[in-house]
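Undergrad: First the structure, which I've put down as structure tokens, then a few questions once you've had a look.
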Amino acid sequence: MKKYLFALRSAPHSGCVVQEMLDVVLSTAAFEQQVSLLLLDEAVFAIKNNQQPERHQGKDTAAIFSALEIYDVNDIYVEVESLQERGLIIDDLSLSVHKVQRNKIADLMKQYDIVFPG
Amino acid sequence: MAKINQKMKYAIQINSSPNYSNNGKTAYHFIKAALEMNHQIFRIFFYQDGIYHAFRHATPSDDEFNITQKWSELAREHQIDLVVCISAAQRRGLLHTDEATRQNKQDNDLAEGFRISGLGQLVEATLEADCFMVF
């Protein structure tokens, strides 16, 4: 077994990038590997509450992320500065997450066998 | 961290479009250098816009770098496993013969040396390899 950290940086609702990354996350979890997520930069919007995706034929990405726990993906890390820079607070997020300061991100990554950028 | 003279087994993922990014070219040169140093390339997995590397009929001008042709050559010379993700490929209109026939479409879009498969091949590659890199 290997430990995977998926470090997502892309905004949701911009093409199919987030959907395709989630497919990799779910495939990896289906192989019974240990999977965690780290949301950085624009990716913090992926689990924002109160999305209205039907206006542009999109899907509620927060709802898709909430399915992760079925696959035993329970550890979702969010960078504190990425939230602050975008005017978001923890209550804006639809899932319970671990907050990580930017200067601790490198330490977090060191705990994993594979850091998967996306 | 592995020592530089130790033989490494690499898994490579290419997510970038050949025409909107130089990442594919960087990956190609990295892989060539790794092979020259006797490292092993376990698999190259083409995903997201990286699947555009695998279009058989891509026809850049003669004075441009034809990366699809370079991948095919690399597969032929070094027996490298070039895998294109089926869902990413279908979403972008790249169909190999079986799938084209099934969808009542014609032709085989897949360039020589590539094969179509699923994300399980990517996960397997990351598990098998000593080092996994995404371009």
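Labels used: A, B, ... for chains in the order of the structure tokens, numbers from 1 for residues in each chain, and numbers from 1 for ligands as shown.
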Please determine the contact residues of chain A with respect to chain B at a cut-off of 12 Å, counting only C-alpha atoms, and supply them as an MDAnalysis selection string.
TA: chainID A and resid 1:4 6 15:35 110 113:118
Undergrad: Could you pull out the helix (DSSP H, G or I) residues of chain B from DSSP and send them as a PyMOL selection string?
TA: chain B and resi 23-36+48-54+67-78+86-91+97-102+120-128
Undergrad: Which residues come within 7 Å of stretch 64-73 of chain B, counting only C-alpha atoms, excluding same-chain residues fewer than 3 positions away, as a list in words?
TA: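 The filter keeps His53, Ala54, Pro60, Ser61, Arg76, Glu77, Glu112 and Gly113 of chain B.
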Undergrad: For the residues in that selection, give me N, CA and C atoms as a tab-separated table (two decimals), in the first residue's frame.
TA:
chain	number	residue	atom	x	y	z
B	53	HIS	N	-1.89	13.91	-27.59
B	53	HIS	CA	-0.61	13.39	-28.10
B	53	HIS	C	-0.81	12.14	-28.96
B	54	ALA	N	-1.98	11.48	-28.81
B	54	ALA	CA	-2.15	10.15	-29.39
B	54	ALA	C	-2.96	10.15	-30.69
B	60	PRO	N	1.29	18.21	-38.13
B	60	PRO	CA	1.93	19.53	-38.07
B	60	PRO	C	2.79	19.79	-39.32
B	61	SER	N	3.16	21.04	-39.56
B	61	SER	CA	4.03	21.36	-40.70
B	61	SER	C	5.33	20.57	-40.60
B	76	ARG	N	8.36	1.94	-30.27
B	76	ARG	CA	8.93	0.91	-31.15
B	76	ARG	C	10.35	0.55	-30.71
B	77	GLU	N	11.16	1.56	-30.42
B	77	GLU	CA	12.58	1.31	-30.13
B	77	GLU	C	12.81	0.76	-28.72
B	112	GLU	N	0.17	4.86	-33.91
B	112	GLU	CA	0.93	3.62	-33.72
B	112	GLU	C	1.65	3.60	-32.36
B	113	GLY	N	1.59	2.45	-31.73
B	113	GLY	CA	2.34	2.27	-30.48
B	113	GLY	C	1.54	2.61	-29.23
Undergrad: Which residues come within 8 Å of stretch 41-45 of chain A, counting only C-alpha atoms, excluding same-chain residues fewer than 5 positions away, as a list in words?
TA: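 My reading of the contact set: Leu8, Arg9, Ser10, Ala11, Pro12, Val78, Glu79, Ser82 and Leu83 of chain A.
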Undergrad: For B:Gln106, list every protein, DNA or RNA residue within 9 Å, evaluated using only C-alpha atoms, and leave out those in the same chain fewer than 6 positions away; present the list as a list of chain:residue names.
TA: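 Listing them by chain and then by number gives B:Leu95, B:Thr97, B:Ala100.
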Undergrad: Output N, CA and C atoms of each residue in that selection to a file, as a compact mmCIF listing (two decimals), in the first residue's frame.
TA:
# COMPACT_ATOMS: atom_id res chain seq x y z
N LEU B 95 -11.23 7.87 -30.84
CA LEU B 95 -11.78 6.51 -30.74
C LEU B 95 -10.89 5.54 -31.51
N THR B 97 -10.45 1.62 -33.18
CA THR B 97 -11.36 0.92 -34.09
C THR B 97 -12.55 0.29 -33.37
N ALA B 100 -14.99 2.95 -32.16
CA ALA B 100 -15.58 3.66 -33.29
C ALA B 100 -16.68 2.80 -33.91
Undergrad: With DSSP run on the backbone, what are the strand (DSSP E or B) residues within stretch 18-90 of chain B? I'd like them as a PyMOL selection string.
TA: chain B and resi 40-46+55+82-85
Undergrad: Would you write out those residues with all heavy atoms, as a CSV table (one decimal), in the first residue's frame?
TA:
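again.csv, freshly written:
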chain,number,residue,atom,x,y,z
B,40,GLN,N,14.4,2.6,-16.2
B,40,GLN,CA,13.2,1.9,-16.8
B,40,GLN,C,12.0,2.9,-16.8
B,40,GLN,O,11.7,3.5,-15.8
B,40,GLN,CB,12.9,0.6,-16.1
B,40,GLN,CG,11.9,-0.2,-16.8
B,40,GLN,CD,11.4,-1.3,-15.9
B,40,GLN,OE1,12.0,-1.7,-14.9
B,40,GLN,NE2,10.2,-1.9,-16.2
B,41,ILE,N,11.3,2.9,-17.9
B,41,ILE,CA,10.0,3.6,-18.0
B,41,ILE,C,8.9,2.6,-18.0
B,41,ILE,O,8.7,1.9,-19.0
B,41,ILE,CB,9.9,4.5,-19.3
B,41,ILE,CG1,11.1,5.5,-19.4
B,41,ILE,CG2,8.6,5.3,-19.3
B,41,ILE,CD1,11.2,6.5,-18.3
B,42,PHE,N,8.3,2.4,-16.9
B,42,PHE,CA,7.3,1.3,-16.7
B,42,PHE,C,6.1,1.6,-17.6
B,42,PHE,O,5.6,0.7,-18.2
B,42,PHE,CB,6.8,1.3,-15.2
B,42,PHE,CG,5.8,0.2,-15.0
B,42,PHE,CD1,6.1,-1.1,-14.9
B,42,PHE,CD2,4.5,0.6,-14.8
B,42,PHE,CE1,5.2,-2.1,-14.7
B,42,PHE,CE2,3.5,-0.4,-14.6
B,42,PHE,CZ,3.9,-1.7,-14.6
B,43,ARG,N,5.6,2.8,-17.7
B,43,ARG,CA,4.5,3.2,-18.5
B,43,ARG,C,4.4,4.7,-18.6
B,43,ARG,O,4.8,5.4,-17.7
B,43,ARG,CB,3.2,2.6,-17.8
B,43,ARG,CG,1.9,2.9,-18.5
B,43,ARG,CD,0.7,2.1,-17.8
B,43,ARG,NE,0.9,0.7,-18.0
B,43,ARG,CZ,0.6,-0.2,-17.2
B,43,ARG,NH1,-0.1,0.1,-16.0
B,43,ARG,NH2,0.8,-1.5,-17.4
B,44,ILE,N,3.8,5.1,-19.8
B,44,ILE,CA,3.4,6.5,-19.9
B,44,ILE,C,1.9,6.6,-20.1
B,44,ILE,O,1.4,5.9,-21.0
B,44,ILE,CB,4.1,7.2,-21.1
B,44,ILE,CG1,5.7,6.9,-21.1
B,44,ILE,CG2,3.8,8.7,-21.2
B,44,ILE,CD1,6.4,7.5,-22.3
B,45,PHE,N,1.3,7.3,-19.2
B,45,PHE,CA,-0.2,7.3,-19.2
B,45,PHE,C,-0.7,8.7,-19.7
B,45,PHE,O,-0.3,9.7,-19.1
B,45,PHE,CB,-0.7,7.0,-17.8
B,45,PHE,CG,-2.2,6.8,-17.7
B,45,PHE,CD1,-2.7,5.5,-18.0
B,45,PHE,CD2,-3.1,7.8,-17.5
B,45,PHE,CE1,-4.1,5.3,-18.0
B,45,PHE,CE2,-4.5,7.6,-17.4
B,45,PHE,CZ,-5.0,6.3,-17.7
B,46,PHE,N,-1.4,8.8,-20.7
B,46,PHE,CA,-1.9,10.0,-21.3
B,46,PHE,C,-3.3,10.3,-20.8
B,46,PHE,O,-4.2,9.5,-21.0
B,46,PHE,CB,-1.9,10.0,-22.8
B,46,PHE,CG,-0.5,9.8,-23.4
B,46,PHE,CD1,0.1,8.6,-23.5
B,46,PHE,CD2,0.2,11.0,-23.7
B,46,PHE,CE1,1.4,8.5,-23.9
B,46,PHE,CE2,1.5,10.9,-24.2
B,46,PHE,CZ,2.1,9.6,-24.3
B,55,PHE,N,-3.3,11.3,-31.2
B,55,PHE,CA,-4.1,11.4,-32.4
B,55,PHE,C,-3.3,11.0,-33.7
B,55,PHE,O,-2.3,11.7,-34.0
B,55,PHE,CB,-4.7,12.8,-32.7
B,55,PHE,CG,-6.1,12.9,-32.1
B,55,PHE,CD1,-6.2,13.4,-30.8
B,55,PHE,CD2,-7.2,12.5,-32.7
B,55,PHE,CE1,-7.5,13.6,-30.2
B,55,PHE,CE2,-8.5,12.6,-32.2
B,55,PHE,CZ,-8.6,13.1,-30.9
B,82,LEU,N,2.6,2.8,-24.0
B,82,LEU,CA,1.9,4.1,-24.1
B,82,LEU,C,0.4,3.9,-23.9
B,82,LEU,O,-0.2,3.3,-24.8
B,82,LEU,CB,2.2,4.7,-25.4
B,82,LEU,CG,3.6,4.9,-25.9
B,82,LEU,CD1,3.6,5.6,-27.3
B,82,LEU,CD2,4.4,5.8,-24.9
B,83,VAL,N,-0.1,4.3,-22.8
B,83,VAL,CA,-1.6,4.0,-22.5
B,83,VAL,C,-2.4,5.3,-22.5
B,83,VAL,O,-2.0,6.3,-21.9
B,83,VAL,CB,-1.7,3.3,-21.2
B,83,VAL,CG1,-3.2,3.1,-20.9
B,83,VAL,CG2,-1.0,2.0,-21.2
B,84,VAL,N,-3.5,5.3,-23.3
B,84,VAL,CA,-4.4,6.5,-23.4
B,84,VAL,C,-5.6,6.1,-22.6
B,84,VAL,O,-6.2,5.1,-22.8
B,84,VAL,CB,-4.7,6.8,-24.8
B,84,VAL,CG1,-5.6,8.0,-24.9
B,84,VAL,CG2,-3.5,7.0,-25.6
B,85,CYS,N,-6.0,7.0,-21.7
B,85,CYS,CA,-7.2,6.8,-20.9
B,85,CYS,C,-8.5,6.8,-21.7
B,85,CYS,O,-8.7,7.8,-22.5
B,85,CYS,CB,-7.4,7.9,-19.8
B,85,CYS,SG,-8.9,7.7,-18.9
Undergrad: Would you kindly return, as number ranges by chain, each protein, DNA or RNA residue with an atom no farther than 10 Å from any atom of B:Ala34, considering only C-alpha atoms and excluding same-chain residues fewer than 4 positions away?
TA: B: 7-10, 28-30, 38-41
Undergrad: Between atom CA of B:Ser16 and atom CA of A:Asp72, measure the distance and give it in Å to one decimal.
TA: 29.5 Å
Undergrad: Extract, using only C-alpha atoms, all DNA, RNA and protein residues at most 7 Å from B:Arg56, discarding same-chain residues fewer than 3 positions from it, and format them as a ChimeraX atom specification.
TA: /B:109-111
Undergrad: Using only C-alpha atoms, which of B:Gln6, B:Ser17, B:Ala89, B:Phe114 sits nearest B:Leu74?
TA: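 Selected residue with least distance to B:Leu74: B:Phe114.
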